[in-house]
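*Asks:* The structure is given below, and queries will be raised subsequently.
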Amino acid sequence: MMLKTFAEYPPRKRVGLLAILLGIIAAFVGDPTGGVTKRVNLKELAMIASTSNDKVDAKDLAKWIIEGKFDYRLVDLRKQEEYEKYNIPTSECIPVSQLLNSDLMRNEKIILYADDEFTAAQGWFILKANDYKGVYVLEGGLQCWKDKILFPKLRIDASPEEKIEFQKMAEISKFFGGQPQTGATVAKQTAEMPKLKAPVKVKLKKSRGKRKREGC
Amino acid sequence: MFKFKEWFTHHLEDNVREGELTPYHYTNPYLIGLLLGLVLLATFVIMGRGLGASGALSTVVAVGVETVAPSAVENNDFYKGYLGDGTQSPFKDWLVFEVIGLVIGGFISGAIAGRTKMMVEKGPRFTNKKRFLFAFIGGALMGFGAKMARGCTSGQGLTGGAALSLGGWAFMLMVFAGAYATAYFVRRQWI
Amino acid sequence: MTAPFYKFGYFNDEVSLIIAFVIGLFFGFVLERGGFGSGRMLAAQFYFTDMRVFKVMFTAIVTAMIGLFYFAWMGFLDLSLVYYGDTYLLPQIVGGLILGIGFVIGGYCPGTSGVAIATGKLDAIFYALGGFFGIFVFGEMFPLLKDFFYSTHMGKVNLPQFFHVSYGFVLLVVILVAIAGFTLVEWGEKVVAKKRTENK
């Protein structure tokens, strides 16, 4: 009886009834996203973690910045205050807790860094578990950046090859406003961090590419 | 049975305007709404964004202003937003390509239904010249309003409406309010 | 596969532009097919003679809204990645009013004017020129309008959050309002049509 009446309805009324039915179900379901849990492929993550394929060497990063290569986004995971004191040029500050609310895209190459590798690894796991594809970590964190890039050291008994290499590093170091440490100055333990932006001659853009406008 | 074909093709009662049968073969509005909703849903699923239109016009304006007076753009966040950072052409934009598709898609549909005749849309008691003037004024108001509201009927109304955005719904209600409040004063144009 | 595909990096920007074009094709086709290429048809909405705009817009919104909800519920689509603009309440209310006034004076809205131009409506060309002019005026006045433009910023807020009710409940309310609206409008159209024939 009921079914027969339903079949006699014009299509738009049938579609309308279907819509109401879906609405009622929806009202009972409530929140469509509340119950969703993230499935993480632990094995795959562990596999990646055991290799060092997704680590970026400080020297490579320095070269990219100097060359003006901007196919990645450099993310500083530390607190805003620390970020303001010093950050690697072209980086942007996104604390770990804000990672998933940020405008980072899943198809972007993202390089994370913090003081050490540990915090960066936390960020790496959060992003990887949420299907971000190209997530990388700066090897050794900011500490390594300081040692290798800002304040490279030349041992007194360095070989000629090492000296040539050091000359190159000294150039890079000066670009970022650091101080190359030769035998005499190595003794000075507390080298000062370069002031933000001041010494860098080349104007650097933020590492983000064209920000995708999504609205009208 | 669900008479899909009958629904999609000529529908007499929907083609009656002003008591006369017009040569227009428009499809049932509810079916069109359903199809439009599916296009919108596909956009959400594939791109994670909605439809739009006015953004493409803004890109054209921003590029135009930049070409004529580059200094005017320098301190203007509004123009800058449509120009990007200069690494690629501002026309390499999602909305620009979507609007190009929209124009061609509209033409295909019009060609199939035999609706591509050159004409002016107006009521019988209105001159062409006045209609063009009104169209220009209306367009200017639309452009201004759409930018103020950060979107037009498709960007805010449809997209924001379906995503249940608060701003989208507020916008849409105001569009209808503004239009109904003005309709009486321009009735000679249409009726 | 998890949606939205683009945001999960299943294809790059170049492909997204091709998709934009194809989606535009469908968008334009459906709009024209629905009669949105005709300024008279669109304006008829505001004289209660043909409520097409209302019917099409609400059906589309309800369809896409139901789709979004159930895709998200199934875990197929990450609703938090679906973009919609932040709410700036006052500018959007004022902008909506101005756009509405422009709608009935000009006879189109931005998307439909593109379709109208494609099908040879000469007035739509003037409408689009006016559109460029309006955007230009806004751009030039932007330094003055800036404060208002950025006022009453409420973030990315949707109706369920604003009214503190569940998403599904809002869905049901919108569907019921839409269907009640359709019924009312069908009845209204008949009344108006009857009056018109009596007057003649």
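A note on labels: chains of the structure tokens are A, B, ... as shown, every chain counts residues from 1, and ligands are counted from 1 in their shown order.
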Based on the backbone DSSP call, show me all residues of range 77-123 of chain C assigned alpha helix (DSSP H), as a list of chain:residue names.
*Replies:*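 Going through range 77-123 of chain C, the alpha helix (DSSP H) residues come out as C:Leu89, C:Leu90, C:Pro91, C:Gln92, C:Ile93, C:Val94, C:Gly95, C:Gly96, C:Leu97, C:Ile98, C:Leu99, C:Gly100, C:Ile101, C:Gly102, C:Phe103, C:Val104, C:Ile105, C:Gly106, C:Pro110, C:Gly111, C:Thr112, C:Ser113, C:Gly114, C:Val115, C:Ala116, C:Ile117, C:Ala118, C:Leu122, C:Asp123.
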*Asks:* Please report as an MDAnalysis selection string which residues of chain B come no farther than 7 Å from chain A, using only C-alpha atoms.
*Replies:* chainID B and resid 2 49 52:55 84:85 150:151 155
*Asks:* Taking only C-alpha atoms into account, name the residue in C:Leu90, C:Leu171, C:Val82, C:Met154 that is nearest to chain B.
*Replies:*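 Using only C-alpha atoms, chain B sits closest to C:Val82.
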*Asks:* Given only C-alpha atoms as the basis, pick out the residue of A:Tyr9, A:Ile20, A:Ser102, A:Pro95 nearest to Leu176 in chain C.
*Replies:*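 Checking each candidate against Leu176 in chain C, we get A:Ile20 as the closest.
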*Asks:* Pick out the residues sitting within 7 Å of Gly131 in chain C, and hand them over as a PDB file with N, CA and C atoms, in the first residue's frame; count only C-alpha atoms, and ignore anything fewer than 5 positions along from it in its own chain.
*Replies:*
```
ATOM      1  N   GLY B 139      26.548  45.362 -13.337  1.00  0.00           N
ATOM      2  CA  GLY B 139      27.813  44.644 -13.325  1.00  0.00           C
ATOM      3  C   GLY B 139      28.815  45.277 -12.380  1.00  0.00           C
ATOM      4  N   ALA B 140      28.857  46.628 -12.408  1.00  0.00           N
ATOM      5  CA  ALA B 140      29.795  47.335 -11.532  1.00  0.00           C
ATOM      6  C   ALA B 140      29.449  47.084 -10.068  1.00  0.00           C
ATOM      7  N   MET B 142      27.840  44.531  -8.886  1.00  0.00           N
ATOM      8  CA  MET B 142      28.169  43.135  -8.618  1.00  0.00           C
ATOM      9  C   MET B 142      29.650  42.967  -8.349  1.00  0.00           C
ATOM     10  N   GLY B 143      30.495  43.581  -9.213  1.00  0.00           N
ATOM     11  CA  GLY B 143      31.937  43.442  -9.047  1.00  0.00           C
ATOM     12  C   GLY B 143      32.379  43.964  -7.698  1.00  0.00           C
TER      13      GLY B 143
END
```
*Asks:* Would you pick out the contacts of range 7-24 of chain C at 9 Å or less, using only C-alpha atoms, so that residues sharing its chain but fewer than 2 positions from it are not included, and give the list as a VMD selection string?
*Replies:* (chain A and resid 105 to 108 131 to 133) or (chain B and resid 39 to 40 42 to 43 46 to 48 51 92 to 105) or (chain C and resid 1 to 5 26 to 29 81)
*Asks:* What is the CA of Phe78 in chain B to CA of Ala149 in chain B distance in Å?
*Replies:*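 Rounded to one decimal, the two atoms are 12.9 Å apart.
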*Asks:* Show me, as a VMD selection string, every residue of chain C with an atom at most 9 Å from chain A, counting only C-alpha atoms.
*Replies:* chain C and resid 6 to 12 62 to 63 66 69 to 75 78 to 80 83 to 85 165 to 176 179
*Asks:* One number please: CA of Met41 in chain C to CA of Leu68 in chain C, in Å, one decimal.
*Replies:*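 Those two atoms sit 29.9 Å apart.
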*Asks:* Please report the interatomic distance between CA of Ser91 in chain A and CA of Arg73 in chain A in Å with one decimal.
*Replies:*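 Answer for the CA of Ser91 in chain A to CA of Arg73 in chain A separation: 7.2 Å.
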*Asks:* Mind checking which residues fall within 10 Å of range 91-95 of chain C, counting only C-alpha atoms, ignoring those fewer than 2 positions away in the same chain, and posting them as an NGL selection string?
*Replies:* (:B and (141-152 or 156 or 167-175 or 178)) or (:C and (87-89 or 97-101 or 145 or 148-153))
*Asks:* Write out as a list in words the residues lying within 10 Å of Cys144 in chain A, counting only C-alpha atoms and excluding same-chain residues fewer than 2 positions away.
*Replies:*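 Near neighbours after the sequence-gap exclusion: Asp57, Ala58, Lys59, Asp115, Asp116, Glu117, Leu138, Glu139, Gly140, Gly141, Leu142, Lys146, Asp147, Lys148, Ile149, Leu150 and Phe151 of chain A.
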